[in-house]
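Student: Take this structure first; my questions come after.
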Amino acid sequence: MIHAFEPVYNKESKILILGTFPSVKSRANGFYYQHPQNRFWKVISALAGEPTPDTIEEQKRVLLENHIAVWDVIYSCDINGSSDSSIKNVVPNDILSLLNKTDIETIYANGGKAYELYNRYCYQETNKEIIKLPSTSPANASYSLEKLVAHWRGEISL
């Protein structure tokens with residue numbers, strides 16, 4: 001399975017949020033965090049102090065206006081559905097090239113698997129630490145939306 005869409009960023013991006021690999025819904029829609037139960041857009045809009053974006057264009061605008069870049073650690077892999085635990089045969093994205101095109105100061109992992117994969121496949125090349133945030137995935141049921149927002153707000157200031 002190959003990652004089919006580009007990272008979202010511009011020259012002014014200061015924050016990079018990395019996921020693992022797009023979910024089935026995200027792959028079908030061609031953009032990040034498109035599963036209706038994923039809380040990513042609700043968390044980002046709460047941090048940005050604006051309504052949750054409804055369209056992909058609005059989602060891109062919110063990210064770029066708040067100097068946020070979004071991408072995934074993995075370029076290609078074997079995966080069953082959307083299950084991070086099933087990921088095998090990883091080929092990482094070229095995170096260093098993105099860092100070289102932007103003013104990114106801090107990298108965040110959206111969940112433990114993104115954190116683990118970045119450290120395994122990308123850190124040696126980038127030599128840039130990553131901060132682990134709790135996953136916005138619906139699989140992370142132990143975190144309510146309020147708890148996610150509080151934790152992310154404690155790490156990220158927009």
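How things are named: the first chain in the structure tokens is A, the next is B, and so on; residues count from 1 in each chain; ligands count from 1 in the order shown.
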Mind checking which residues fall within 10 Å of segment 109-117 of chain A, counting only C-alpha atoms, ignoring those fewer than 5 positions away in the same chain, and posting them as a list in words?

Tutor: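 Near neighbours after the sequence-gap exclusion: Leu16, Ile17, Leu18, Gly19, Thr20, Phe21, Phe40, Asp72, Val73, Ile74, Asp84, Ser85, Ile87, Val90, Pro92, Cys122, Tyr123, Glu129, Ile130, Ile131, Lys132, Leu133, Pro134, Ser135, Thr136, Ser137, Asn140 and Trp152 of chain A.
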
Student: Could you find all residues in chain A that DSSP calls alpha helix (DSSP H) from the backbone, and write them as a PyMOL selection string?

Tutor: chain A and resi 24-29+40-48+56-65+95-101+112-121+123-126+145-155

Student: Of the candidates A:Cys77, A:Val43, A:Ile68, A:Leu148, which one gets nearest to Asn93 of chain A if we count only C-alpha atoms?

Tutor: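 Closest to Asn93 of chain A of all the choices is A:Cys77.
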
Student: I'd like to know which residues of segment 4-153 of chain A are strand (DSSP E) (by DSSP, run on the backbone); could you write them as a list in words?

Tutor: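 These are the residues in question: Ile15, Leu16, Ile17, Leu18, Gly19, Ile68, Ala69, Val70, Trp71, Asp72, Ile74, Tyr75, Ser76, Cys77, Asp78, Lys88, Asn89, Val90, Val91, Pro92, Thr106, Ile107, Tyr108, Ala109, Asn110, Ile130, Ile131, Lys132 and Leu133 of chain A.
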
Student: What is the distance between atom CA of Arg39 of chain A and atom CA of Tyr75 of chain A, in Å to one decimal?

Tutor: 22.9 Å

Student: Looking at only C-alpha atoms, which of A:Ala150, A:Ile104, A:Leu96, A:Ala141 is the one that sits closest to Gln124 of chain A?

Tutor: A:Leu96

Student: In Å to one decimal, how far is atom CA of Gly81 of chain A from atom CA of Pro53 of chain A?

Tutor: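 Separating atom CA of Pro53 of chain A from atom CA of Gly81 of chain A is a distance of 25.5 Å.
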
Student: For Ala69 of chain A, work out the shell of residues within 10 Å, counting only C-alpha atoms and skipping chain neighbours fewer than 5 positions away, then give it as a PDB file with N, CA, C and O atoms, in the first residue's frame.

Tutor:
```pdb
ATOM      1  N   PRO A   7       2.060  15.828   1.741  1.00  0.00           N
ATOM      2  CA  PRO A   7       1.953  16.504   3.037  1.00  0.00           C
ATOM      3  C   PRO A   7       1.297  17.868   2.853  1.00  0.00           C
ATOM      4  O   PRO A   7       1.308  18.424   1.754  1.00  0.00           O
ATOM      5  N   VAL A   8       0.724  18.372   3.935  1.00  0.00           N
ATOM      6  CA  VAL A   8       0.192  19.735   3.939  1.00  0.00           C
ATOM      7  C   VAL A   8       1.211  20.591   4.670  1.00  0.00           C
ATOM      8  O   VAL A   8       1.564  20.300   5.816  1.00  0.00           O
ATOM      9  N   TYR A   9       1.710  21.631   4.004  1.00  0.00           N
ATOM     10  CA  TYR A   9       2.697  22.517   4.621  1.00  0.00           C
ATOM     11  C   TYR A   9       2.876  23.743   3.732  1.00  0.00           C
ATOM     12  O   TYR A   9       2.445  23.759   2.586  1.00  0.00           O
ATOM     13  N   ASN A  10       3.507  24.743   4.292  1.00  0.00           N
ATOM     14  CA  ASN A  10       4.042  25.840   3.494  1.00  0.00           C
ATOM     15  C   ASN A  10       5.329  26.306   4.163  1.00  0.00           C
ATOM     16  O   ASN A  10       5.740  25.753   5.185  1.00  0.00           O
ATOM     17  N   LYS A  11       5.966  27.263   3.577  1.00  0.00           N
ATOM     18  CA  LYS A  11       7.268  27.726   4.071  1.00  0.00           C
ATOM     19  C   LYS A  11       7.180  28.195   5.523  1.00  0.00           C
ATOM     20  O   LYS A  11       8.144  28.102   6.267  1.00  0.00           O
ATOM     21  N   GLU A  12       6.020  28.702   5.930  1.00  0.00           N
ATOM     22  CA  GLU A  12       5.851  29.245   7.287  1.00  0.00           C
ATOM     23  C   GLU A  12       5.484  28.196   8.327  1.00  0.00           C
ATOM     24  O   GLU A  12       5.288  28.526   9.498  1.00  0.00           O
ATOM     25  N   SER A  13       5.365  26.946   7.932  1.00  0.00           N
ATOM     26  CA  SER A  13       5.005  25.889   8.889  1.00  0.00           C
ATOM     27  C   SER A  13       6.059  25.818   9.997  1.00  0.00           C
ATOM     28  O   SER A  13       7.259  25.800   9.724  1.00  0.00           O
ATOM     29  N   LYS A  14       5.588  25.797  11.247  1.00  0.00           N
ATOM     30  CA  LYS A  14       6.470  25.743  12.419  1.00  0.00           C
ATOM     31  C   LYS A  14       6.336  24.432  13.187  1.00  0.00           C
ATOM     32  O   LYS A  14       7.211  24.039  13.933  1.00  0.00           O
ATOM     33  N   ILE A  15       5.177  23.775  13.009  1.00  0.00           N
ATOM     34  CA  ILE A  15       4.839  22.552  13.730  1.00  0.00           C
ATOM     35  C   ILE A  15       4.571  21.462  12.698  1.00  0.00           C
ATOM     36  O   ILE A  15       3.881  21.715  11.711  1.00  0.00           O
ATOM     37  N   LEU A  16       5.099  20.273  12.932  1.00  0.00           N
ATOM     38  CA  LEU A  16       4.783  19.124  12.096  1.00  0.00           C
ATOM     39  C   LEU A  16       4.105  18.076  12.963  1.00  0.00           C
ATOM     40  O   LEU A  16       4.644  17.682  13.996  1.00  0.00           O
ATOM     41  N   ILE A  17       2.911  17.660  12.548  1.00  0.00           N
ATOM     42  CA  ILE A  17       2.202  16.584  13.233  1.00  0.00           C
ATOM     43  C   ILE A  17       2.229  15.368  12.309  1.00  0.00           C
ATOM     44  O   ILE A  17       1.763  15.442  11.169  1.00  0.00           O
ATOM     45  N   LEU A  18       2.798  14.283  12.817  1.00  0.00           N
ATOM     46  CA  LEU A  18       2.932  13.055  12.040  1.00  0.00           C
ATOM     47  C   LEU A  18       2.001  11.966  12.538  1.00  0.00           C
ATOM     48  O   LEU A  18       1.960  11.673  13.734  1.00  0.00           O
ATOM     49  N   LYS A  60      -7.337  22.358   5.307  1.00  0.00           N
ATOM     50  CA  LYS A  60      -6.027  22.863   4.861  1.00  0.00           C
ATOM     51  C   LYS A  60      -5.813  24.300   5.327  1.00  0.00           C
ATOM     52  O   LYS A  60      -4.725  24.652   5.791  1.00  0.00           O
ATOM     53  N   LEU A  63      -4.943  24.464   9.055  1.00  0.00           N
ATOM     54  CA  LEU A  63      -3.570  24.031   9.280  1.00  0.00           C
ATOM     55  C   LEU A  63      -2.581  25.123   8.898  1.00  0.00           C
ATOM     56  O   LEU A  63      -1.735  25.521   9.698  1.00  0.00           O
ATOM     57  N   LEU A  64      -2.685  25.612   7.675  1.00  0.00           N
ATOM     58  CA  LEU A  64      -1.700  26.561   7.171  1.00  0.00           C
ATOM     59  C   LEU A  64      -1.760  27.908   7.893  1.00  0.00           C
ATOM     60  O   LEU A  64      -0.715  28.497   8.171  1.00  0.00           O
ATOM     61  N   LEU A  98      11.154  17.533   3.926  1.00  0.00           N
ATOM     62  CA  LEU A  98      10.121  18.479   4.374  1.00  0.00           C
ATOM     63  C   LEU A  98      10.712  19.477   5.370  1.00  0.00           C
ATOM     64  O   LEU A  98      10.459  20.676   5.285  1.00  0.00           O
ATOM     65  N   THR A 102      10.993  24.004   5.118  1.00  0.00           N
ATOM     66  CA  THR A 102      10.105  24.749   6.014  1.00  0.00           C
ATOM     67  C   THR A 102      10.880  25.323   7.192  1.00  0.00           C
ATOM     68  O   THR A 102      12.075  25.103   7.323  1.00  0.00           O
ATOM     69  N   ILE A 104       9.974  24.414  10.268  1.00  0.00           N
ATOM     70  CA  ILE A 104       9.451  23.555  11.326  1.00  0.00           C
ATOM     71  C   ILE A 104      10.438  23.492  12.487  1.00  0.00           C
ATOM     72  O   ILE A 104      11.613  23.208  12.304  1.00  0.00           O
ATOM     73  N   ILE A 107       8.335  18.686  16.138  1.00  0.00           N
ATOM     74  CA  ILE A 107       7.626  17.561  15.531  1.00  0.00           C
ATOM     75  C   ILE A 107       6.839  16.845  16.616  1.00  0.00           C
ATOM     76  O   ILE A 107       7.367  16.554  17.695  1.00  0.00           O
TER      77      ILE A 107
END
```

Student: Can you work out the spacing between atom CA of Glu105 of chain A and atom CA of Ser23 of chain A in Å, to one decimal?

Tutor: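 Interatomic distance here is 26.8 Å.
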
Student: Counting only C-alpha atoms, what is within 6 Å of Asp78 of chain A, bar same-chain residues fewer than 4 positions away, as a list in words?

Tutor: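 Contacts, in chain order: Met1, Ile87, Lys88 and Asn89 of chain A.
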
Student: List the spatial neighbours of Asn38 of chain A as JSON, numbers by chain - criterion: any atom at most 9 Å away, only C-alpha atoms, same-chain residues fewer than 3 positions off excluded.

Tutor: {"A": [33, 34, 35, 41, 42, 136, 137, 138, 139]}
